[in-house]
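Have a look at my_file-v4.txt; it's compact mmCIF, C-alpha atoms:
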```txt
# COMPACT_ATOMS: atom_id res chain seq x y z
CA MET A 1 79.59 36.67 216.39
CA ASN A 2 78.15 33.66 218.22
CA GLU A 3 74.77 32.33 217.19
CA SER A 4 71.85 33.27 219.43
CA LEU A 5 69.79 30.57 221.11
CA ARG A 6 66.83 31.48 218.88
CA ASP A 7 68.87 31.15 215.69
CA TRP A 8 70.43 27.92 216.92
CA SER A 9 66.97 26.58 217.72
CA LEU A 10 65.62 27.41 214.26
CA ARG A 11 68.69 25.93 212.54
CA MET A 12 68.65 22.73 214.59
CA ALA A 13 64.89 22.38 214.09
CA ARG A 14 65.46 22.30 210.32
CA LEU A 15 68.07 19.56 210.80
CA GLU A 16 65.80 17.60 213.12
CA LEU A 17 62.68 17.90 210.92
CA GLY A 18 61.11 14.51 210.32
CA GLN A 19 63.95 12.67 212.05
CA GLU A 20 63.72 9.82 214.49
CA ILE A 21 65.87 10.70 217.54
CA ARG A 22 65.55 7.77 219.90
CA ALA A 23 68.62 6.04 221.28
CA GLY A 24 68.98 3.22 223.76
CA SER A 25 67.98 -0.37 224.29
CA PHE A 26 64.60 -0.06 222.65
CA GLY A 27 62.74 -2.95 221.23
CA PHE A 28 65.96 -4.23 219.76
CA LYS A 29 64.97 -7.50 221.34
CA ASP A 30 61.98 -7.52 219.01
CA VAL A 31 64.17 -7.13 215.92
CA PRO A 32 64.73 -10.56 214.36
CA ALA A 33 68.35 -11.61 214.15
CA SER A 34 68.04 -11.75 210.39
CA VAL A 35 67.32 -8.01 210.24
CA GLN A 36 70.61 -6.14 210.18
CA SER A 37 70.84 -2.56 211.36
CA GLY A 38 72.60 -1.61 208.15
CA ALA A 39 69.72 -2.89 206.09
CA LEU A 40 67.29 -0.90 208.18
CA SER A 41 69.10 2.38 207.82
CA GLU A 42 70.32 2.34 204.23
CA THR A 43 68.06 1.86 201.25
CA GLY A 44 69.60 0.85 197.94
CA THR A 45 69.25 3.42 195.17
CA GLU A 46 67.16 1.12 192.99
CA SER A 47 64.76 0.30 195.80
CA LYS A 48 64.27 4.00 196.55
CA VAL A 49 63.42 4.68 192.91
CA VAL A 50 60.94 1.79 192.80
CA PHE A 51 59.22 2.91 195.98
CA ALA A 52 59.09 6.52 194.79
CA ARG A 53 57.70 5.55 191.42
CA LEU A 54 55.08 3.24 192.96
CA VAL A 55 53.76 5.91 195.32
CA GLU A 56 53.68 8.52 192.57
CA LEU A 57 51.89 6.33 190.04
CA MET A 58 49.39 4.99 192.57
CA ARG A 59 48.58 8.59 193.46
CA ARG A 60 48.24 9.71 189.85
CA LYS A 61 46.16 6.64 188.97
CA ARG A 62 43.58 7.91 191.43
CA GLY A 63 43.93 11.48 190.15
CA LEU A 64 45.08 12.81 193.53
CA THR A 65 47.37 15.67 194.44
CA VAL A 66 50.15 15.10 196.96
CA GLU A 67 48.05 16.79 199.63
CA GLN A 68 45.02 14.63 198.84
CA LEU A 69 47.03 11.43 199.07
CA ALA A 70 48.57 12.50 202.38
CA ASP A 71 45.14 13.38 203.73
CA ALA A 72 43.59 10.11 202.54
CA CYS A 73 46.36 8.05 204.15
CA GLY A 74 46.66 10.12 207.32
CA ILE A 75 50.33 10.89 206.73
CA ASP A 76 52.44 14.02 206.41
CA VAL A 77 52.44 15.91 203.11
CA ALA A 78 56.22 16.35 203.52
CA ASP A 79 56.61 12.57 203.61
CA VAL A 80 54.80 12.13 200.29
CA ILE A 81 56.90 14.89 198.72
CA ASN A 82 60.13 13.36 200.03
CA ILE A 83 59.17 9.84 198.94
CA GLU A 84 58.38 10.97 195.42
CA ASP A 85 61.70 12.89 195.45
CA GLU A 86 63.37 9.57 196.30
CA ASP A 87 64.44 10.90 199.71
CA LEU A 88 63.49 8.19 202.21
CA THR A 89 65.53 9.51 205.14
CA GLY A 90 63.13 10.03 208.02
CA ILE A 91 60.34 7.96 206.43
CA GLY A 92 59.11 5.80 209.30
CA PRO A 93 57.21 2.51 209.47
CA ARG A 94 53.89 4.21 210.22
CA THR A 95 53.96 6.16 206.96
CA VAL A 96 54.77 3.05 204.93
CA TYR A 97 52.17 1.06 206.83
CA GLN A 98 49.47 3.65 206.11
CA LEU A 99 50.40 3.71 202.39
CA ALA A 100 50.35 -0.09 202.19
CA ASN A 101 46.88 -0.21 203.69
CA TRP A 102 45.54 2.49 201.44
CA PHE A 103 47.15 0.95 198.32
CA GLU A 104 45.92 -2.46 199.52
CA VAL A 105 49.31 -4.09 199.09
CA SER A 106 51.42 -6.22 201.41
CA VAL A 107 52.82 -4.21 204.34
CA SER A 108 55.86 -6.47 204.47
CA LYS A 109 56.75 -6.04 200.79
CA LEU A 110 56.28 -2.29 200.90
CA MET A 111 58.47 -2.12 204.01
CA GLN A 112 61.18 -3.98 202.08
CA LEU A 113 60.93 -1.55 199.17
CA ALA A 114 61.15 1.38 201.58
CA GLY A 115 64.26 -0.11 203.17
CA LEU A 116 62.58 -0.55 206.56
CA LYS A 117 62.84 -4.30 206.43
CA HIS A 118 65.51 -6.67 205.27
CA VAL A 119 64.88 -7.80 201.70
CA GLU A 120 63.54 -11.34 201.88
CA ASN A 121 62.87 -11.92 198.24
CA ALA A 122 65.17 -11.15 195.33
CA THR A 123 62.20 -11.50 192.96
CA LEU A 124 60.60 -8.44 194.50
CA ALA A 125 63.66 -6.34 193.70
CA GLN A 126 63.72 -7.59 190.10
CA GLN A 127 60.00 -6.98 189.61
CA GLY A 128 60.44 -3.52 191.04
CA LEU A 129 63.22 -2.62 188.65
CA ARG A 130 61.20 -3.83 185.65
CA PHE A 131 58.25 -1.75 186.82
CA ALA A 132 60.39 1.36 187.37
CA ALA A 133 61.99 1.00 183.96
CA ARG A 134 58.59 0.88 182.24
CA SER A 135 57.23 3.96 183.99
CA ASN A 136 58.17 7.60 183.90
CA SER A 137 56.87 10.79 185.43
CA MET A 138 54.45 12.02 182.80
CA ALA A 139 51.48 13.89 184.24
CA SER A 140 48.87 11.32 183.27
CA LEU A 141 49.42 7.59 183.16
CA THR A 142 49.99 6.18 179.74
CA LYS A 143 48.52 2.81 178.88
CA GLU A 144 52.00 1.31 179.24
CA GLU A 145 52.41 2.84 182.71
CA ARG A 146 48.98 1.66 183.78
CA GLU A 147 49.77 -1.90 182.66
CA ALA A 148 53.18 -1.82 184.36
CA LEU A 149 51.63 -0.48 187.58
CA ASP A 150 48.80 -3.03 187.63
CA GLU A 151 51.22 -5.88 187.04
CA PHE A 152 53.58 -4.76 189.83
CA VAL A 153 50.76 -4.12 192.28
CA ALA A 154 49.37 -7.59 191.61
CA GLY A 155 52.78 -8.92 192.66
CA LEU A 156 52.63 -6.88 195.84
CA GLY A 157 49.21 -8.27 196.69
CA LYS A 158 48.29 -8.79 200.34
CA GLN A 159 49.40 -12.16 201.73
CA MET B 160 68.13 25.65 240.94
CA ALA B 161 71.82 26.37 241.53
CA GLN B 162 73.51 23.56 243.41
CA THR B 163 75.24 24.43 246.68
CA LYS B 164 78.90 23.45 246.74
CA LYS B 165 81.13 22.38 249.60
CA THR B 166 84.91 22.70 249.53
CA MET B 167 87.35 20.05 250.67
CA THR B 168 91.12 20.05 251.03
CA LEU B 169 92.81 16.82 250.07
CA ASN B 170 96.30 15.77 251.16
CA LEU B 171 97.92 13.20 248.90
CA THR B 172 101.18 11.31 249.20
CA ASP B 173 103.73 11.63 246.41
CA ALA B 174 102.65 8.25 245.04
CA GLU B 175 98.98 9.18 245.14
CA MET B 176 99.65 12.51 243.42
CA GLU B 177 101.72 10.72 240.79
CA ALA B 178 98.89 8.26 240.21
CA LEU B 179 96.42 11.12 239.92
CA GLU B 180 98.62 13.04 237.49
CA SER B 181 99.14 9.95 235.38
CA LEU B 182 95.39 9.42 235.16
CA CYS B 183 94.91 13.08 234.23
CA ASP B 184 97.42 12.74 231.38
CA ARG B 185 95.93 9.50 230.13
CA LYS B 186 92.36 10.75 230.29
CA ASP B 187 92.96 14.35 229.23
CA MET B 188 91.08 15.53 232.31
CA SER B 189 91.82 17.89 235.18
CA LYS B 190 92.61 16.56 238.66
CA THR B 191 89.24 17.68 239.94
CA ALA B 192 87.44 16.02 237.02
CA VAL B 193 89.32 12.73 237.55
CA LEU B 194 88.56 12.65 241.28
CA LYS B 195 84.87 13.42 240.76
CA GLN B 196 84.65 10.78 238.03
CA ALA B 197 86.32 8.29 240.38
CA LEU B 198 83.69 9.11 243.01
CA ARG B 199 80.86 8.49 240.51
CA LEU B 200 82.41 5.19 239.46
CA TYR B 201 82.89 4.13 243.07
CA GLN B 202 79.26 4.92 243.89
CA ALA B 203 78.01 3.11 240.76
CA VAL B 204 79.99 -0.01 241.68
CA GLU B 205 78.92 0.11 245.34
CA MET B 206 75.25 0.42 244.45
CA ARG B 207 75.39 -2.62 242.19
CA LEU B 208 77.31 -4.63 244.76
CA ALA B 209 74.71 -3.66 247.34
CA GLY B 210 72.11 -5.01 244.92
CA GLY B 211 73.78 -8.41 245.01
CA GLU B 212 75.76 -8.21 241.78
CA LYS B 213 79.45 -9.06 241.41
CA LEU B 214 82.15 -7.17 239.56
CA PHE B 215 84.40 -9.07 237.15
CA PHE B 216 87.26 -8.34 234.83
CA GLU B 217 87.28 -10.44 231.68
CA ASP B 218 90.35 -11.38 229.67
CA GLU B 219 88.94 -11.88 226.16
CA GLY B 220 92.16 -13.40 224.87
CA LYS B 221 92.46 -16.00 227.60
CA ARG B 222 88.66 -16.30 227.93
CA THR B 223 88.92 -16.03 231.70
CA LYS B 224 86.98 -14.03 234.22
CA ALA B 225 88.36 -12.82 237.53
CA GLU B 226 86.13 -11.49 240.25
CA VAL B 227 87.17 -8.10 241.60
CA VAL B 228 87.13 -8.52 245.34
CA MET B 229 85.48 -5.51 246.97
CA LEU B 230 85.87 -5.18 250.70
CA MET C 231 78.37 25.15 234.91
CA THR C 232 75.05 24.79 233.16
CA VAL C 233 72.16 26.07 235.25
CA TYR C 234 68.87 24.26 235.66
CA PRO C 235 66.01 24.70 235.18
CA GLY C 236 66.96 26.37 231.91
CA ARG C 237 64.97 28.22 229.29
CA ARG C 238 64.97 26.56 225.89
CA TYR C 239 62.89 26.75 222.71
CA LEU C 240 60.87 24.18 220.85
CA VAL C 241 59.45 24.64 217.37
CA ASP C 242 55.71 24.48 216.85
CA MET C 243 55.55 22.31 213.72
CA GLY C 244 52.19 23.81 212.76
CA THR C 245 53.24 27.46 212.74
CA GLY C 246 57.02 27.08 212.40
CA GLY C 247 57.41 29.50 215.31
CA LEU C 248 59.47 29.11 218.47
CA VAL C 249 57.74 28.44 221.77
CA GLU C 250 59.39 28.69 225.16
CA ALA C 251 60.21 25.48 226.97
CA GLU C 252 62.00 24.59 230.17
CA ILE C 253 64.59 21.88 230.73
CA PHE C 254 65.18 20.25 234.11
CA ASP C 255 68.12 18.12 235.20
CA THR C 256 65.92 15.73 237.11
CA ILE C 257 62.95 13.55 236.25
CA SER C 258 60.40 14.31 238.92
CA SER C 259 57.47 12.25 240.13
CA ALA C 260 55.23 14.81 238.39
CA ASP C 261 57.06 14.08 235.11
CA ILE C 262 56.48 10.35 235.57
CA GLY C 263 52.86 11.09 236.38
CA ASP C 264 52.59 13.02 233.11
CA TRP C 265 54.32 10.21 231.24
CA ARG C 266 51.82 7.77 232.65
CA THR C 267 48.72 9.85 231.96
CA THR C 268 49.64 11.55 228.68
CA TRP C 269 52.35 9.59 226.83
CA LYS C 270 51.46 6.01 227.72
CA PRO C 271 47.77 6.08 226.67
CA GLU C 272 48.73 7.51 223.28
CA ILE C 273 51.51 4.95 222.79
CA ASP C 274 49.25 2.08 223.86
CA ARG C 275 46.46 3.22 221.56
CA VAL C 276 48.74 3.16 218.50
CA VAL C 277 50.30 -0.18 219.47
CA GLU C 278 46.87 -1.75 219.96
CA ALA C 279 45.87 -0.59 216.49
CA LEU C 280 49.07 -2.03 214.97
CA GLN C 281 48.51 -5.26 216.88
CA ALA C 282 44.94 -5.51 215.60
CA GLN C 283 46.26 -5.09 212.08
CA ASN C 284 48.87 -7.85 212.55
CA VAL C 285 51.84 -5.58 211.94
CA PRO C 286 54.98 -7.50 213.04
CA CYS C 287 56.15 -6.20 216.41
CA HIS C 288 59.61 -5.24 215.20
CA LEU C 289 57.91 -2.64 213.01
CA TRP C 290 56.09 -1.02 215.94
CA PRO C 291 57.49 2.23 217.37
CA GLN C 292 60.45 0.66 219.06
CA SER C 293 60.33 2.25 222.49
CA HIS C 294 56.66 1.35 222.97
CA HIS C 295 57.39 -0.98 225.88
CA TRP C 296 59.55 1.47 227.80
CA ASP C 297 58.66 2.07 231.38
CA TRP C 298 60.13 5.45 232.27
CA ALA C 299 59.04 4.98 235.87
CA SER C 300 61.74 2.32 236.18
CA LYS C 301 64.34 4.39 234.36
CA VAL C 302 64.45 7.33 236.76
CA PRO C 303 67.90 7.53 238.37
CA PRO C 304 67.98 6.84 242.13
CA PRO C 305 67.88 10.21 243.95
CA VAL C 306 71.34 9.71 245.52
CA ALA C 307 73.05 8.54 242.31
CA ILE C 308 75.72 10.93 241.01
CA PHE C 309 76.69 8.67 238.08
CA GLU C 310 73.25 8.79 236.42
CA LYS C 311 71.18 11.83 235.56
CA GLY C 312 67.71 12.32 234.15
CA TYR C 313 66.48 15.27 232.10
CA ALA C 314 62.93 16.40 231.44
CA LEU C 315 61.79 18.97 228.88
CA ARG C 316 58.46 20.69 229.43
CA CYS C 317 56.49 23.08 227.27
CA GLU C 318 53.04 24.62 227.67
CA GLY C 319 52.44 22.63 230.81
CA ARG C 320 53.18 19.25 229.23
CA LEU C 321 56.09 16.82 229.31
CA GLN C 322 57.73 16.84 225.88
CA GLY C 323 60.96 14.87 226.25
CA LEU C 324 62.92 12.61 228.59
CA MET C 325 66.53 11.52 228.68
CA ARG C 326 68.75 9.51 231.00
CA VAL C 327 72.55 9.63 230.82
CA ASN C 328 75.34 7.76 232.57
CA SER C 329 78.79 9.11 233.40
CA VAL C 330 80.66 5.88 234.00
CA SER C 331 79.23 3.05 231.91
CA GLN C 332 80.94 3.72 228.59
CA ARG C 333 84.48 4.42 227.44
CA CYS C 334 85.20 6.07 224.10
CA GLN C 335 86.06 3.82 221.19
CA LEU C 336 87.15 6.27 218.51
CA PRO C 337 90.93 5.86 218.09
CA GLU C 338 91.66 9.51 218.87
CA GLN C 339 89.85 9.26 222.21
CA GLN C 340 90.15 5.57 222.93
CA GLY C 341 89.49 4.79 226.58
CA SER C 342 88.45 8.35 227.49
CA ASP C 343 85.42 8.84 229.68
CA CYS C 344 82.25 10.17 228.09
CA ILE C 345 78.63 10.83 228.85
CA TYR C 346 76.61 7.89 227.58
CA VAL C 347 73.01 8.50 226.54
CA ASP C 348 71.11 5.57 228.03
CA PHE C 349 67.68 6.59 226.76
CA ILE C 350 66.20 9.57 224.94
CA GLU C 351 62.64 9.99 223.77
CA THR C 352 60.22 12.67 222.67
CA ALA C 353 56.50 12.62 223.51
CA PRO C 354 54.36 10.53 221.13
CA TRP C 355 52.51 13.58 219.77
CA ASN C 356 55.89 14.89 218.60
CA GLN C 357 56.77 11.73 216.70
CA ALA C 358 55.87 10.82 213.12
CA SER C 359 55.61 7.18 214.29
CA TYR C 360 52.54 8.07 216.35
CA SER C 361 51.10 11.21 214.84
CA ALA C 362 50.29 12.40 211.33
CA SER C 363 51.05 15.97 212.49
CA PRO C 364 53.92 16.02 214.99
CA LYS C 365 53.41 18.91 217.40
CA TYR C 366 56.87 20.09 218.50
CA GLY C 367 60.30 19.76 216.98
CA LEU C 368 63.74 20.33 218.52
CA VAL C 369 63.20 18.09 221.56
CA GLY C 370 66.08 15.83 220.49
CA SER C 371 68.47 18.74 219.94
CA ALA C 372 67.61 20.38 223.26
CA LEU C 373 68.14 17.14 225.19
CA LEU C 374 71.34 16.21 223.36
CA ALA C 375 72.71 19.70 223.97
CA ALA C 376 72.08 19.07 227.69
CA ALA C 377 74.10 15.84 227.48
CA ILE C 378 76.96 17.75 225.83
CA HIS C 379 76.77 20.45 228.53
CA GLN C 380 77.02 17.80 231.22
CA SER C 381 80.03 16.29 229.47
CA VAL C 382 81.72 19.70 229.38
CA ASP C 383 80.77 20.51 232.99
CA GLN C 384 82.27 17.21 234.17
CA GLY C 385 85.55 17.85 232.37
CA LEU C 386 84.85 15.29 229.64
CA LYS C 387 85.06 18.03 226.98
CA GLY C 388 81.76 17.23 225.27
CA ARG C 389 82.50 13.56 224.57
CA LEU C 390 79.32 11.56 224.12
CA GLY C 391 78.40 8.01 223.23
CA LEU C 392 75.09 6.37 222.36
CA HIS C 393 73.54 3.40 220.61
CA SER C 394 71.03 4.61 218.07
CA LEU C 395 67.71 3.10 217.09
CA PRO C 396 68.22 2.08 213.45
CA GLN C 397 65.84 4.76 212.13
CA ALA C 398 67.71 7.43 214.05
CA ASP C 399 71.07 6.63 212.41
CA THR C 400 70.51 9.42 209.87
CA TRP C 401 69.87 11.98 212.61
CA TYR C 402 73.01 11.15 214.57
CA ALA C 403 75.37 10.52 211.68
CA GLN C 404 74.29 12.91 208.96
CA ARG C 405 72.42 15.73 210.70
CA LEU C 406 74.45 15.99 213.91
CA GLY C 407 77.72 14.68 212.55
CA LEU C 408 78.45 12.05 215.21
CA ARG C 409 80.94 9.40 214.15
CA ASP C 410 79.45 6.06 213.22
CA LEU C 411 81.43 3.15 214.64
CA GLY C 412 79.09 0.57 213.16
CA LEU C 413 77.28 -2.27 214.83
CA ASP C 414 78.59 -2.75 218.36
CA ALA C 415 79.43 -6.41 218.88
CA ASP C 416 79.79 -5.92 222.64
CA ARG C 417 76.34 -4.56 223.40
CA TYR C 418 72.75 -5.23 222.40
CA GLN C 419 73.77 -8.42 220.63
CA GLY C 420 75.43 -6.44 217.89
CA ARG C 421 72.13 -5.09 216.55
CA LEU C 422 72.56 -1.40 217.26
CA LYS C 423 75.06 1.05 215.82
CA TYR C 424 77.29 2.96 218.20
CA PHE C 425 77.89 6.68 217.68
CA GLU C 426 80.37 8.98 219.35
CA ALA C 427 80.99 12.71 219.58
CA THR C 428 84.49 14.09 219.93
CA PRO C 429 85.05 17.45 221.64
CA GLU C 430 85.16 19.04 218.17
CA ILE C 431 81.85 17.50 217.09
CA ALA C 432 80.23 18.51 220.38
CA SER C 433 81.53 22.03 219.98
CA SER C 434 80.18 22.28 216.45
CA ILE C 435 76.73 21.12 217.61
CA LEU C 436 76.59 23.79 220.33
CA ASN C 437 78.22 26.32 217.97
CA GLY C 438 79.23 28.73 220.73
CA VAL C 439 75.63 29.44 221.69
CA LYS C 440 75.14 30.87 225.17
CA PHE C 441 72.44 28.74 226.75
CA PRO C 442 70.53 30.46 229.59
```

Before anything else, please render the file you have as structure tokens.
Amino acid sequence: MNESLRDWSLRMARLELGQEIRAGSFGFKDVPASVQSGALSETGTESKVVFARLVELMRRKRGLTVEQLADACGIDVADVINIEDEDLTGIGPRTVYQLANWFEVSVSKLMQLAGLKHVENATLAQQGLRFAARSNSMASLTKEEREALDEFVAGLGKQ
Amino acid sequence: MAQTKKTMTLNLTDAEMEALESLCDRKDMSKTAVLKQALRLYQAVEMRLAGGEKLFFEDEGKRTKAEVVML
Amino acid sequence: MTVYPGRRYLVDMGTGGLVEAEIFDTISSADIGDWRTTWKPEIDRVVEALQAQNVPCHLWPQSHHWDWASKVPPPVAIFEKGYALRCEGRLQGLMRVNSVSQRCQLPEQQGSDCIYVDFIETAPWNQASYSASPKYGLVGSALLAAAIHQSVDQGLKGRLGLHSLPQADTWYAQRLGLRDLGLDADRYQGRLKYFEATPEIASSILNGVKFP
């Protein structure tokens, strides 16, 4: 039996949730030539893990729940959940921008970690991997995690 | 709102029908669809010509451009 | 033939419930008026804030500079068509398509005619780029379904082409299943990916649903 319009609508809405849908000659003219479309739409696995771990530890350092962090940053709870689950599909620049401001780190560097900007600095990737390797998802930050987080955040400092 | 439709009868020569059928085969479209698409394309070209633009074909291999003369 | 105006649904992202919407196969002067008085101020407000915070412009919502007033197809044009989606008295989505400007590039339909999506956008309050709590979902699906319907009605069997904003690549490739032909060297200076729908992909998106 064919799907009803209502069922189709509910199914497609789940597929479309959190997705950017725009097509056409947008501000492509504003995109620097050095920024490749591929780099904007695909985030390396390591970078995703680093970004996820950073957001999670910064949240836990302040003793916040996912909802509290989302509220404090003015972003969607679903975005925080997805980021910490290492699912960055549908995470837009505004979300990353809000997090960067709240964490008081460089917008540009956080955009690179989130895969929304071409990686400009190989050092950032290496620092990120070292940080991710030293941290894990225990409920409260260990001394080791706190040190690793503080060191990485210092490297992400605002320019 | 539902669009009103007008009907037209079209007489084609053998050569014209052959050309139409060949286009239908190549484009996997019906005769009606091909003719309507041709009308859209014709209007699109005419509107741009009326705006002062020119229509060119470009041969990428030979790096040449040839203006399509529209009367 | 698809009939317009047509009843569609949007999803209220707050409640998760369906709300009735209407889709039109023209962009009227009232729609442009709504764009000017309801979309534009919201877009400008966010862009001004990003500007004040020195966010590089290529990270702004990337259709911020669009002027939909200049994108409305000429009334007599039969090769271009505009669509407007309205819900609860407000303009929720806009799309413009072209019947003649693009030929298919996928090998199995090389050179075939298709409906090309020139521009598609949902209202700023529906977008995560502008709003912490997007209001309505499904605008993209409803508009893209209209583009597929037009392709079918015109004998193009559902074939579609479009150049996606980089952040929408996931939507078109993974969620809808359009084929990704990669960066298009011939258009937009090779910076946008080109996606295509075959008749089979279009059919699977519509899934046999009878649209009113």

Determine, counting only C-alpha atoms, which protein, DNA and RNA residues have an atom within 12 Å of an atom of Leu182 in chain B; residues of the same chain fewer than 4 positions away are not included. Present the result as a count of residues only.
18

Counting all atoms listed in the file, the option among A:Arg62, A:Arg11, A:Arg22, A:Lys48 closest to chain C:
A:Arg22

Need the shell around Glu426 in chain C: protein/DNA/RNA residues with any atom at most 8 Å away, counting all atoms listed in the file. Skip same-chain ones fewer than 2 positions apart. Format as a list in words?
Cys334, Gln335, Leu336, Arg389, Leu390, Gly391, Leu392, Leu408, Arg409, Asp410, Leu411, Tyr424 and Thr428 of chain C

Could those residues be written to a file, using C-alpha atoms, as a short mmCIF file (atom, residue, chain, number, x, y, z; two decimals), in the coordinates of the input?
```
data_model
loop_
_atom_site.label_atom_id
_atom_site.label_comp_id
_atom_site.auth_asym_id
_atom_site.auth_seq_id
_atom_site.Cartn_x
_atom_site.Cartn_y
_atom_site.Cartn_z
CA CYS C 334 85.20 6.07 224.10
CA GLN C 335 86.06 3.82 221.19
CA LEU C 336 87.15 6.27 218.51
CA ARG C 389 82.50 13.56 224.57
CA LEU C 390 79.32 11.56 224.12
CA GLY C 391 78.40 8.01 223.23
CA LEU C 392 75.09 6.37 222.36
CA LEU C 408 78.45 12.05 215.21
CA ARG C 409 80.94 9.40 214.15
CA ASP C 410 79.45 6.06 213.22
CA LEU C 411 81.43 3.15 214.64
CA TYR C 424 77.29 2.96 218.20
CA THR C 428 84.49 14.09 219.93
#
```

Counting only C-alpha atoms, which residues in range 317-360 of chain C sit no more than 7 Å from range 291-311 of chain C? For each one, give the nearest pair of atoms and the distance in Å, sorted by chain then residue number, as a tab-separated table.
```
residue	atom	partner	partner_atom	distance
C:Arg326	CA	C:Lys311	CA	5.7
C:Val327	CA	C:Lys311	CA	5.4
C:Asn328	CA	C:Glu310	CA	4.5
C:Ser329	CA	C:Phe309	CA	5.1
C:Val330	CA	C:Phe309	CA	6.3
C:Ser359	CA	C:Pro291	CA	6.1
```

Give me, as an MDAnalysis selection string, the residues of chain C touching chain A, with the criterion being at most 8 Å (counting only C-alpha atoms).
chainID C and resid 238:241 248 285 287:296 347:352 357:360 362:363 367:368 370:371 392:402 405:406 413 418 421:423 437:441

Near Pro354 in chain C, within 10 Å and counting only C-alpha atoms, which residues show up once chain neighbours fewer than 4 positions away are dropped, as number ranges by chain?
C: 268-273, 276, 291, 294, 322-323, 358-361, 364-365
